[in-house]
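S.K.: Below: one structure in structure tokens.
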Amino acid sequence: MEIKLLYYLVPSLVMFCCGLYGFLTRKNMIAMLISLELMLNAVDINFTVVNRYLFPGSQEGMIFTLFAIAIAAAETALAIAIIINLYRVTKKVDIDEAKQLKG
Amino acid sequence: MDYSQFLVMKQEIGLLVVFLLVFLYDTFMSKRANAAISGFTVLLVGLLTVYGFCCGCPGATESAFAGMYVTSPVIACIKNILNVGVLIVLIQSISWNNSETQAIRRGEFLELILVTLFGMYLMISARHFLLFIIGLECASLPLAALVAFEKNKYESHEAAIKYMLTAVFSSAIFMMGLSYVYMLTGSLYFGEIASVVATESVSVLLIVALAFVVAGVGFKLSLVPFHLWTADVYQGAPTSVTSYLSVISKGSAAFAFLVILTQVFGAVYCQVWEWMLYALIILTITVGNLFALRQTNMKRFLAFSSISQAGYIMLGIIGNNDMGMASLMYYILVYIFSNLAAFGVIQAIENATGKLDMTDYRGLYKSNPHLSFVMMLAMFSLAGIPPFAGFFSKFFIFTGALSGTTSVALYVLVLIALINTIVSLFYYLLVVKAMFLSKEEPVVPAFKSACSERVAMWVTVAGIVFLGIVSCFYNDILLLCQQYGLAGALV
């Protein structure tokens, strides 16, 4: 029995919304980064599944997913580097600590 | 594979050569020679700009890599405009980059700037969303490193983490939108998506997908519901990086946004994205202006001013015609000169005294008449006072938004933008008033700015005045756009 397309798309959408919710509510910067990672992975699932079910003739979605994974890794590495720099100054990883810039 | 198609990417290859030369110079030259690396890079970027104007320009629309990459005279023109901007930013940054604290990472600043420029080139030339995403990330990731550049300053890191998180957030939203577009059309080529979108009826999924795409690019352009990062990042970043962010990064994203909206989704203009953009423009211009009124820090002030300017730039897209495209390019060119003139003065004063507050500009005319004159011209041009370039760019962008339309809604939009111009005049003139009319003793003592800073100010002032007087230059851009613009750029 083959699993229907919808059974992939709905969980990926839920995953995306969880990421969105987490990004907007969490205070810990590492947790925010994890939420972003959830959102990016939801995108990857979407592309792969759509490619596999709807357009099996080409590989465009799969290739896009590969690149998206690489880009997400680069983003995470850079974000963690900046978080570590911030941690050296404030000794905390809460986004609430980063509030000196305002006006 | 046919490797000769790399030759179509003339300007990218030129930029890559510049990057490699700077990189090799940075790696292998002695410590003493390294002090000259900023000048060396300015020279190379200058050559690249000249090359772009002389022979980097293709005669017609050319494409490579099965249509993923496209270049045409219009695209070459916008890249040349960006080159000019980068050249001015680099000249302005020389004295900051040569300071003692920068000594060990002088080259990195220049290399990262060049890499981001390469990403913007790809973003503008891409005709496939994979290449577009790569260009977008290539432009925004090194920028996060640049924002975090002043390692011993806390503000720089705070700005960087805010920029980084919003950049990743926006690209996640953008890619989610893309995945739905892919679901609807089965392709990521701009041309194929456009033909499917044109033939099928508008579905809810398309509206959702387009809203995601608009939100994703809206973050990059700091359009209003998505602008919250802008002021903090502009304030915390080193001033050279702030000026780069506010003109070059914004200009390239605006052009790419135009390509996506008018060429990929041009068929659903009325049904889907006209009203989205309509709301965004009104919000962006108004909120940007209202928040700019109450700023005291110069960098934050210019951040909100650049938010409202982004709203004006979007007016070139909402017209969905060649005139809009031409006026958008002209606006970006003028905006580069006016905003960089303002940032040049801010940077000169910051380097000399470390002062950034608007109250520090009181009585500047008495101590530094030349600096305050340049600042005045920049403010007049940003506000759009007639003899200067800013007036004509606003004039053309209003014309572009209205040409070929009879809809009352667009006239109302332009009216709102006009009223906002008057509001913006108020806060731009606040700076001029502080400099010229304040009776108090000047806070900033008289000082002589560095030679490079003066050169940059001369260039920007020349640009503001020259583009104002010779505004018929716009006709040349318009001709190019009519010939190779909306109709011919999709392969």
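In the structure tokens, chains take letters A, B, ... by order of appearance, with residues numbered from 1 within each chain and ligands from 1 in the order shown.
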Applying 10 Å and only C-alpha atoms, which residues near Met435 in chain B remain after dropping the ones on its own chain fewer than 4 positions away? List them as number ranges by chain.
M.R.: B: 358-369, 371-373, 375-376, 429-431, 439, 442
S.K.: Select residues of chain B: the criterion is any atom within 9 Å of an atom of chain A, counting only C-alpha atoms; output as number ranges by chain.
M.R.: B: 129-130, 133-134, 137, 141, 144-145, 148, 151, 154-155, 157-162, 164-165, 168-169, 171-173, 175-180, 182-183, 186-188, 231-233, 235-236, 294-297, 300
S.K.: Pull N, CA and C atoms from the residues just selected and write them as a short mmCIF file (atom, residue, chain, number, x, y, z; two decimals), in the first residue's frame.
M.R.:
```
data_model
loop_
_atom_site.label_atom_id
_atom_site.label_comp_id
_atom_site.auth_asym_id
_atom_site.auth_seq_id
_atom_site.Cartn_x
_atom_site.Cartn_y
_atom_site.Cartn_z
N PHE B 129 15.31 29.17 -9.63
CA PHE B 129 15.27 29.52 -8.22
C PHE B 129 16.41 28.91 -7.42
N LEU B 130 17.00 27.82 -7.91
CA LEU B 130 18.14 27.24 -7.18
C LEU B 130 19.31 28.22 -7.20
N ILE B 133 18.56 31.19 -4.95
CA ILE B 133 18.76 30.95 -3.52
C ILE B 133 20.25 30.96 -3.18
N ILE B 134 21.05 30.34 -4.05
CA ILE B 134 22.50 30.32 -3.78
C ILE B 134 23.03 31.74 -3.76
N GLU B 137 21.88 33.56 -0.51
CA GLU B 137 22.62 33.17 0.69
C GLU B 137 24.06 33.64 0.61
N LEU B 141 24.95 35.67 3.96
CA LEU B 141 25.77 35.06 5.02
C LEU B 141 27.06 35.83 5.30
N ALA B 144 26.46 38.83 7.44
CA ALA B 144 26.34 38.63 8.89
C ALA B 144 27.73 38.68 9.53
N ALA B 145 28.71 38.05 8.85
CA ALA B 145 30.08 38.10 9.37
C ALA B 145 30.60 39.53 9.38
N ALA B 148 29.28 41.50 12.30
CA ALA B 148 29.96 41.14 13.55
C ALA B 148 31.44 41.50 13.50
N LYS B 151 35.24 43.10 16.60
CA LYS B 151 35.22 41.99 17.54
C LYS B 151 35.19 42.47 18.99
N TYR B 154 30.63 45.12 21.80
CA TYR B 154 29.50 44.25 22.07
C TYR B 154 28.36 44.48 21.08
N GLU B 155 28.11 45.75 20.73
CA GLU B 155 26.97 46.08 19.87
C GLU B 155 27.04 45.35 18.54
N HIS B 157 28.23 42.41 17.89
CA HIS B 157 27.77 41.02 17.97
C HIS B 157 26.26 40.94 18.11
N GLU B 158 25.71 41.86 18.93
CA GLU B 158 24.26 41.84 19.10
C GLU B 158 23.57 42.08 17.77
N ALA B 159 24.08 43.06 17.02
CA ALA B 159 23.50 43.33 15.71
C ALA B 159 23.64 42.12 14.81
N ALA B 160 24.78 41.44 14.89
CA ALA B 160 25.02 40.31 14.01
C ALA B 160 24.06 39.16 14.29
N ILE B 161 23.81 38.87 15.58
CA ILE B 161 22.92 37.75 15.87
C ILE B 161 21.50 38.08 15.43
N LYS B 162 21.11 39.35 15.57
CA LYS B 162 19.77 39.72 15.11
C LYS B 162 19.68 39.61 13.59
N MET B 164 21.51 37.72 11.65
CA MET B 164 21.65 36.31 11.24
C MET B 164 20.32 35.57 11.41
N LEU B 165 19.69 35.73 12.60
CA LEU B 165 18.46 34.99 12.85
C LEU B 165 17.36 35.44 11.88
N VAL B 168 18.10 33.95 8.31
CA VAL B 168 17.76 32.53 8.16
C VAL B 168 16.24 32.36 8.18
N PHE B 169 15.58 33.08 9.07
CA PHE B 169 14.12 33.01 9.17
C PHE B 169 13.49 33.40 7.84
N SER B 171 14.85 33.38 4.84
CA SER B 171 15.08 32.46 3.73
C SER B 171 14.30 31.17 3.93
N ALA B 172 14.02 30.78 5.20
CA ALA B 172 13.17 29.60 5.41
C ALA B 172 11.76 29.88 4.89
N ILE B 173 11.22 31.06 5.19
CA ILE B 173 9.89 31.40 4.71
C ILE B 173 9.86 31.45 3.19
N MET B 175 11.80 29.88 1.08
CA MET B 175 11.90 28.55 0.47
C MET B 175 10.61 27.76 0.65
N MET B 176 9.89 28.00 1.77
CA MET B 176 8.59 27.34 1.94
C MET B 176 7.65 27.79 0.81
N GLY B 177 7.66 29.09 0.54
CA GLY B 177 6.85 29.58 -0.56
C GLY B 177 7.24 28.94 -1.87
N LEU B 178 8.57 28.81 -2.08
CA LEU B 178 9.05 28.19 -3.31
C LEU B 178 8.57 26.76 -3.44
N SER B 179 8.54 26.03 -2.30
CA SER B 179 8.13 24.63 -2.40
C SER B 179 6.69 24.52 -2.87
N TYR B 180 5.84 25.49 -2.47
CA TYR B 180 4.46 25.47 -2.95
C TYR B 180 4.38 25.88 -4.41
N TYR B 182 6.65 25.23 -6.54
CA TYR B 182 7.11 24.02 -7.23
C TYR B 182 5.99 23.00 -7.30
N MET B 183 5.21 22.89 -6.23
CA MET B 183 4.10 21.94 -6.22
C MET B 183 3.07 22.28 -7.31
N GLY B 186 5.69 22.49 -11.04
CA GLY B 186 6.57 21.41 -11.44
C GLY B 186 7.89 21.86 -11.99
N SER B 187 8.24 23.11 -11.79
CA SER B 187 9.53 23.57 -12.30
C SER B 187 10.02 24.70 -11.42
N LEU B 188 11.34 24.95 -11.50
CA LEU B 188 11.90 26.07 -10.77
C LEU B 188 12.47 27.11 -11.71
N ALA B 231 16.79 48.70 12.34
CA ALA B 231 17.42 49.78 13.11
C ALA B 231 18.54 49.26 13.99
N ASP B 232 18.29 48.13 14.69
CA ASP B 232 19.32 47.59 15.58
C ASP B 232 20.57 47.20 14.80
N VAL B 233 20.36 46.53 13.65
CA VAL B 233 21.52 46.08 12.88
C VAL B 233 22.30 47.26 12.34
N GLN B 235 22.49 50.20 13.57
CA GLN B 235 23.19 50.92 14.63
C GLN B 235 24.41 50.15 15.12
N GLY B 236 24.29 48.83 15.24
CA GLY B 236 25.38 48.06 15.82
C GLY B 236 26.52 47.77 14.88
N ARG B 294 11.42 60.28 15.55
CA ARG B 294 11.81 60.33 16.95
C ARG B 294 13.19 59.73 17.23
N GLN B 295 14.01 59.56 16.18
CA GLN B 295 15.34 59.00 16.40
C GLN B 295 16.34 60.10 16.76
N THR B 296 17.30 59.73 17.61
CA THR B 296 18.35 60.69 17.93
C THR B 296 19.71 60.22 17.45
N ASN B 297 19.89 58.91 17.36
CA ASN B 297 21.14 58.38 16.85
C ASN B 297 21.14 58.48 15.33
N ARG B 300 20.54 55.12 13.43
CA ARG B 300 19.15 54.65 13.53
C ARG B 300 18.24 55.53 12.68
#
```
S.K.: Fewer than 4 positions away in the same chain doesn't count, so skip those; otherwise give me all residues within 8 Å of range 324-332 of chain B, counting only C-alpha atoms, as a PDB file with N, CA and C atoms, in the first residue's frame.
M.R.:
```pdb
ATOM      1  N   ILE B  78      22.453  47.344 -14.241  1.00  0.00           N
ATOM      2  CA  ILE B  78      22.221  47.384 -12.788  1.00  0.00           C
ATOM      3  C   ILE B  78      23.462  46.903 -12.058  1.00  0.00           C
ATOM      4  N   VAL B 247      22.541  50.500   1.021  1.00  0.00           N
ATOM      5  CA  VAL B 247      22.381  50.824  -0.391  1.00  0.00           C
ATOM      6  C   VAL B 247      22.580  49.630  -1.316  1.00  0.00           C
ATOM      7  N   GLY B 251      19.563  47.655  -2.859  1.00  0.00           N
ATOM      8  CA  GLY B 251      19.360  47.870  -4.293  1.00  0.00           C
ATOM      9  C   GLY B 251      19.283  46.575  -5.065  1.00  0.00           C
ATOM     10  N   PHE B 255      15.965  44.953  -7.125  1.00  0.00           N
ATOM     11  CA  PHE B 255      15.911  44.577  -8.538  1.00  0.00           C
ATOM     12  C   PHE B 255      15.496  43.116  -8.700  1.00  0.00           C
ATOM     13  N   LEU B 258      11.871  42.796  -8.251  1.00  0.00           N
ATOM     14  CA  LEU B 258      11.167  43.234  -9.458  1.00  0.00           C
ATOM     15  C   LEU B 258      11.116  42.119 -10.483  1.00  0.00           C
ATOM     16  N   ILE B 313      10.995  52.768  -3.422  1.00  0.00           N
ATOM     17  CA  ILE B 313      11.560  51.912  -4.475  1.00  0.00           C
ATOM     18  C   ILE B 313      10.503  50.914  -4.953  1.00  0.00           C
ATOM     19  N   MET B 314       9.679  50.413  -4.008  1.00  0.00           N
ATOM     20  CA  MET B 314       8.650  49.446  -4.392  1.00  0.00           C
ATOM     21  C   MET B 314       7.613  50.048  -5.340  1.00  0.00           C
ATOM     22  N   LEU B 315       7.484  51.381  -5.328  1.00  0.00           N
ATOM     23  CA  LEU B 315       6.549  52.010  -6.268  1.00  0.00           C
ATOM     24  C   LEU B 315       6.941  51.702  -7.712  1.00  0.00           C
ATOM     25  N   GLY B 316       8.230  51.470  -7.953  1.00  0.00           N
ATOM     26  CA  GLY B 316       8.658  51.127  -9.306  1.00  0.00           C
ATOM     27  C   GLY B 316       8.182  49.748  -9.721  1.00  0.00           C
ATOM     28  N   ILE B 317       7.915  48.880  -8.731  1.00  0.00           N
ATOM     29  CA  ILE B 317       7.482  47.522  -9.071  1.00  0.00           C
ATOM     30  C   ILE B 317       5.980  47.481  -9.295  1.00  0.00           C
ATOM     31  N   ILE B 318       5.232  48.264  -8.513  1.00  0.00           N
ATOM     32  CA  ILE B 318       3.785  48.108  -8.537  1.00  0.00           C
ATOM     33  C   ILE B 318       3.194  48.553  -9.869  1.00  0.00           C
ATOM     34  N   GLY B 319       3.932  49.394 -10.630  1.00  0.00           N
ATOM     35  CA  GLY B 319       3.446  49.776 -11.941  1.00  0.00           C
ATOM     36  C   GLY B 319       3.445  48.627 -12.933  1.00  0.00           C
ATOM     37  N   ASN B 320       4.323  47.638 -12.725  1.00  0.00           N
ATOM     38  CA  ASN B 320       4.415  46.465 -13.591  1.00  0.00           C
ATOM     39  C   ASN B 320       4.608  46.846 -15.057  1.00  0.00           C
ATOM     40  N   ILE B 336      21.963  55.537  -4.057  1.00  0.00           N
ATOM     41  CA  ILE B 336      23.350  55.188  -3.723  1.00  0.00           C
ATOM     42  C   ILE B 336      24.143  56.452  -3.433  1.00  0.00           C
ATOM     43  N   GLY B 390      17.584  63.638  -6.062  1.00  0.00           N
ATOM     44  CA  GLY B 390      16.493  62.963  -5.375  1.00  0.00           C
ATOM     45  C   GLY B 390      15.111  63.369  -5.849  1.00  0.00           C
ATOM     46  N   SER B 393      14.473  61.417  -9.145  1.00  0.00           N
ATOM     47  CA  SER B 393      14.224  59.989  -8.964  1.00  0.00           C
ATOM     48  C   SER B 393      12.817  59.785  -8.418  1.00  0.00           C
ATOM     49  N   LYS B 394      12.384  60.650  -7.494  1.00  0.00           N
ATOM     50  CA  LYS B 394      11.015  60.512  -6.974  1.00  0.00           C
ATOM     51  C   LYS B 394       9.994  60.796  -8.064  1.00  0.00           C
ATOM     52  N   PHE B 396      10.332  60.427 -11.318  1.00  0.00           N
ATOM     53  CA  PHE B 396      10.248  59.326 -12.293  1.00  0.00           C
ATOM     54  C   PHE B 396       9.563  58.110 -11.697  1.00  0.00           C
ATOM     55  N   ILE B 397       9.794  57.860 -10.399  1.00  0.00           N
ATOM     56  CA  ILE B 397       9.195  56.652  -9.831  1.00  0.00           C
ATOM     57  C   ILE B 397       7.678  56.838  -9.690  1.00  0.00           C
ATOM     58  N   THR B 399       5.906  58.680 -11.805  1.00  0.00           N
ATOM     59  CA  THR B 399       5.437  58.532 -13.178  1.00  0.00           C
ATOM     60  C   THR B 399       5.374  57.067 -13.568  1.00  0.00           C
ATOM     61  N   GLY B 400       6.431  56.327 -13.185  1.00  0.00           N
ATOM     62  CA  GLY B 400       6.472  54.910 -13.528  1.00  0.00           C
ATOM     63  C   GLY B 400       5.315  54.149 -12.915  1.00  0.00           C
ATOM     64  N   ALA B 401       4.973  54.478 -11.666  1.00  0.00           N
ATOM     65  CA  ALA B 401       3.887  53.776 -10.995  1.00  0.00           C
ATOM     66  C   ALA B 401       2.559  54.051 -11.675  1.00  0.00           C
ATOM     67  N   TYR B 474      18.098  59.335 -17.506  1.00  0.00           N
ATOM     68  CA  TYR B 474      17.013  58.374 -17.281  1.00  0.00           C
ATOM     69  C   TYR B 474      16.488  57.809 -18.590  1.00  0.00           C
ATOM     70  N   ILE B 477      18.370  54.756 -19.733  1.00  0.00           N
ATOM     71  CA  ILE B 477      17.976  53.549 -19.002  1.00  0.00           C
ATOM     72  C   ILE B 477      16.619  53.065 -19.492  1.00  0.00           C
ATOM     73  N   LEU B 478      15.706  54.022 -19.735  1.00  0.00           N
ATOM     74  CA  LEU B 478      14.364  53.655 -20.188  1.00  0.00           C
ATOM     75  C   LEU B 478      14.420  52.942 -21.539  1.00  0.00           C
ATOM     76  N   CYS B 481      15.533  49.495 -21.032  1.00  0.00           N
ATOM     77  CA  CYS B 481      14.491  48.671 -20.421  1.00  0.00           C
ATOM     78  C   CYS B 481      13.407  48.319 -21.422  1.00  0.00           C
ATOM     79  N   GLY B 485      13.839  44.867 -21.458  1.00  0.00           N
ATOM     80  CA  GLY B 485      13.292  44.783 -20.115  1.00  0.00           C
ATOM     81  C   GLY B 485      12.345  43.640 -19.892  1.00  0.00           C
TER      82      GLY B 485
END
```
S.K.: So that I can see what lies close to Leu143 in chain B, please list as a list of chain:residue names the residues with an atom at most 8 Å from it, counting only C-alpha atoms and leaving out residues fewer than 2 positions away in the same chain.
M.R.: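 These residues fall inside the cut-off: B:Leu112, B:Ile113, B:Thr116, B:Ala139, B:Ser140, B:Leu141, B:Ala145, B:Leu146, B:Val147, B:Leu245.
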S.K.: Store the residues picked out above in a file with C-alpha atoms, as an mmCIF file, in the first residue's frame.
M.R.:
```cif
data_model
loop_
_atom_site.group_PDB
_atom_site.id
_atom_site.type_symbol
_atom_site.label_atom_id
_atom_site.label_comp_id
_atom_site.auth_asym_id
_atom_site.auth_seq_id
_atom_site.Cartn_x
_atom_site.Cartn_y
_atom_site.Cartn_z
ATOM 1 C CA LEU B 112 33.827 39.467 2.363
ATOM 2 C CA ILE B 113 32.490 42.582 0.627
ATOM 3 C CA THR B 116 28.627 39.386 -1.103
ATOM 4 C CA ALA B 139 25.001 37.668 -0.384
ATOM 5 C CA SER B 140 23.514 37.487 3.108
ATOM 6 C CA LEU B 141 25.769 35.057 5.018
ATOM 7 C CA ALA B 145 30.080 38.099 9.370
ATOM 8 C CA LEU B 146 30.669 41.701 8.296
ATOM 9 C CA VAL B 147 28.108 43.022 10.776
ATOM 10 C CA LEU B 245 23.796 47.179 3.826
#
```
S.K.: Between A:Asp96, A:Ala77, A:Tyr8, A:Thr25, which one has atoms that come closest to Arg52 in chain A, using only C-alpha atoms?
M.R.: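 For Arg52 in chain A, the nearest of the given residues is A:Tyr8.
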S.K.: Do you know which residues are at most 10 Å from Ile124 in chain B counting only C-alpha atoms, after dropping those on the same chain fewer than 3 positions away, and could you put them as a VMD selection string?
M.R.: chain B and resid 69 to 71 75 to 76 78 to 79 119 to 121 127 131 to 132 135 to 136 252 to 260
S.K.: Would you save the residues from that selection as a PDB file, in the first residue's frame, using N, CA and C atoms?
M.R.:
```pdb
ATOM      1  N   TYR B  69      21.166  30.950 -16.071  1.00  0.00           N
ATOM      2  CA  TYR B  69      21.848  32.227 -15.906  1.00  0.00           C
ATOM      3  C   TYR B  69      21.566  33.068 -17.136  1.00  0.00           C
ATOM      4  N   VAL B  70      21.219  34.330 -16.938  1.00  0.00           N
ATOM      5  CA  VAL B  70      20.909  35.190 -18.062  1.00  0.00           C
ATOM      6  C   VAL B  70      21.589  36.530 -17.866  1.00  0.00           C
ATOM      7  N   THR B  71      22.068  37.109 -18.962  1.00  0.00           N
ATOM      8  CA  THR B  71      22.551  38.470 -18.851  1.00  0.00           C
ATOM      9  C   THR B  71      22.078  39.262 -20.067  1.00  0.00           C
ATOM     10  N   ILE B  75      20.595  44.068 -17.281  1.00  0.00           N
ATOM     11  CA  ILE B  75      21.202  43.416 -16.118  1.00  0.00           C
ATOM     12  C   ILE B  75      22.632  43.919 -15.931  1.00  0.00           C
ATOM     13  N   ALA B  76      23.369  44.072 -17.057  1.00  0.00           N
ATOM     14  CA  ALA B  76      24.728  44.608 -16.962  1.00  0.00           C
ATOM     15  C   ALA B  76      24.696  46.014 -16.385  1.00  0.00           C
ATOM     16  N   ILE B  78      22.453  47.344 -14.241  1.00  0.00           N
ATOM     17  CA  ILE B  78      22.221  47.384 -12.788  1.00  0.00           C
ATOM     18  C   ILE B  78      23.462  46.903 -12.058  1.00  0.00           C
ATOM     19  N   LYS B  79      24.198  45.949 -12.660  1.00  0.00           N
ATOM     20  CA  LYS B  79      25.446  45.502 -12.008  1.00  0.00           C
ATOM     21  C   LYS B  79      26.468  46.625 -11.986  1.00  0.00           C
ATOM     22  N   GLY B 119      27.494  37.308  -4.813  1.00  0.00           N
ATOM     23  CA  GLY B 119      26.176  36.725  -4.566  1.00  0.00           C
ATOM     24  C   GLY B 119      25.070  37.579  -5.157  1.00  0.00           C
ATOM     25  N   MET B 120      25.210  38.906  -5.023  1.00  0.00           N
ATOM     26  CA  MET B 120      24.174  39.786  -5.579  1.00  0.00           C
ATOM     27  C   MET B 120      24.141  39.706  -7.095  1.00  0.00           C
ATOM     28  N   TYR B 121      25.300  39.594  -7.714  1.00  0.00           N
ATOM     29  CA  TYR B 121      25.351  39.409  -9.168  1.00  0.00           C
ATOM     30  C   TYR B 121      24.543  38.180  -9.567  1.00  0.00           C
ATOM     31  N   ARG B 127      17.912  32.886 -13.406  1.00  0.00           N
ATOM     32  CA  ARG B 127      16.597  32.628 -13.981  1.00  0.00           C
ATOM     33  C   ARG B 127      16.111  31.243 -13.577  1.00  0.00           C
ATOM     34  N   LEU B 131      19.625  28.739  -8.392  1.00  0.00           N
ATOM     35  CA  LEU B 131      20.721  29.701  -8.506  1.00  0.00           C
ATOM     36  C   LEU B 131      20.393  30.966  -7.722  1.00  0.00           C
ATOM     37  N   PHE B 132      19.107  31.328  -7.727  1.00  0.00           N
ATOM     38  CA  PHE B 132      18.686  32.521  -6.991  1.00  0.00           C
ATOM     39  C   PHE B 132      18.955  32.366  -5.499  1.00  0.00           C
ATOM     40  N   GLY B 135      22.602  32.565  -4.729  1.00  0.00           N
ATOM     41  CA  GLY B 135      23.053  33.951  -4.764  1.00  0.00           C
ATOM     42  C   GLY B 135      22.611  34.711  -3.528  1.00  0.00           C
ATOM     43  N   LEU B 136      21.341  34.485  -3.117  1.00  0.00           N
ATOM     44  CA  LEU B 136      20.790  35.181  -1.954  1.00  0.00           C
ATOM     45  C   LEU B 136      21.586  34.857  -0.700  1.00  0.00           C
ATOM     46  N   SER B 252      20.198  45.654  -4.775  1.00  0.00           N
ATOM     47  CA  SER B 252      20.190  44.398  -5.535  1.00  0.00           C
ATOM     48  C   SER B 252      18.949  43.588  -5.209  1.00  0.00           C
ATOM     49  N   ALA B 253      18.553  43.566  -3.926  1.00  0.00           N
ATOM     50  CA  ALA B 253      17.356  42.805  -3.566  1.00  0.00           C
ATOM     51  C   ALA B 253      16.120  43.403  -4.236  1.00  0.00           C
ATOM     52  N   ALA B 254      16.078  44.748  -4.343  1.00  0.00           N
ATOM     53  CA  ALA B 254      14.922  45.382  -4.968  1.00  0.00           C
ATOM     54  C   ALA B 254      14.828  44.977  -6.432  1.00  0.00           C
ATOM     55  N   PHE B 255      15.965  44.953  -7.125  1.00  0.00           N
ATOM     56  CA  PHE B 255      15.911  44.577  -8.538  1.00  0.00           C
ATOM     57  C   PHE B 255      15.496  43.116  -8.700  1.00  0.00           C
ATOM     58  N   ALA B 256      16.051  42.243  -7.835  1.00  0.00           N
ATOM     59  CA  ALA B 256      15.681  40.830  -7.927  1.00  0.00           C
ATOM     60  C   ALA B 256      14.196  40.645  -7.634  1.00  0.00           C
ATOM     61  N   PHE B 257      13.673  41.414  -6.699  1.00  0.00           N
ATOM     62  CA  PHE B 257      12.258  41.357  -6.344  1.00  0.00           C
ATOM     63  C   PHE B 257      11.415  41.753  -7.552  1.00  0.00           C
ATOM     64  N   LEU B 258      11.871  42.796  -8.251  1.00  0.00           N
ATOM     65  CA  LEU B 258      11.167  43.234  -9.458  1.00  0.00           C
ATOM     66  C   LEU B 258      11.116  42.119 -10.483  1.00  0.00           C
ATOM     67  N   VAL B 259      12.263  41.442 -10.683  1.00  0.00           N
ATOM     68  CA  VAL B 259      12.297  40.366 -11.671  1.00  0.00           C
ATOM     69  C   VAL B 259      11.321  39.265 -11.285  1.00  0.00           C
ATOM     70  N   ILE B 260      11.341  38.870  -9.992  1.00  0.00           N
ATOM     71  CA  ILE B 260      10.458  37.779  -9.564  1.00  0.00           C
ATOM     72  C   ILE B 260       8.997  38.167  -9.750  1.00  0.00           C
TER      73      ILE B 260
END
```
S.K.: What lies within 9 Å of range 10-14 of chain B using only C-alpha atoms, ignoring chain neighbours under 3 positions off, as a ChimeraX atom specification?
M.R.: /B:6-7,17-19,48,51-52,55-58,76,79,118,121-122
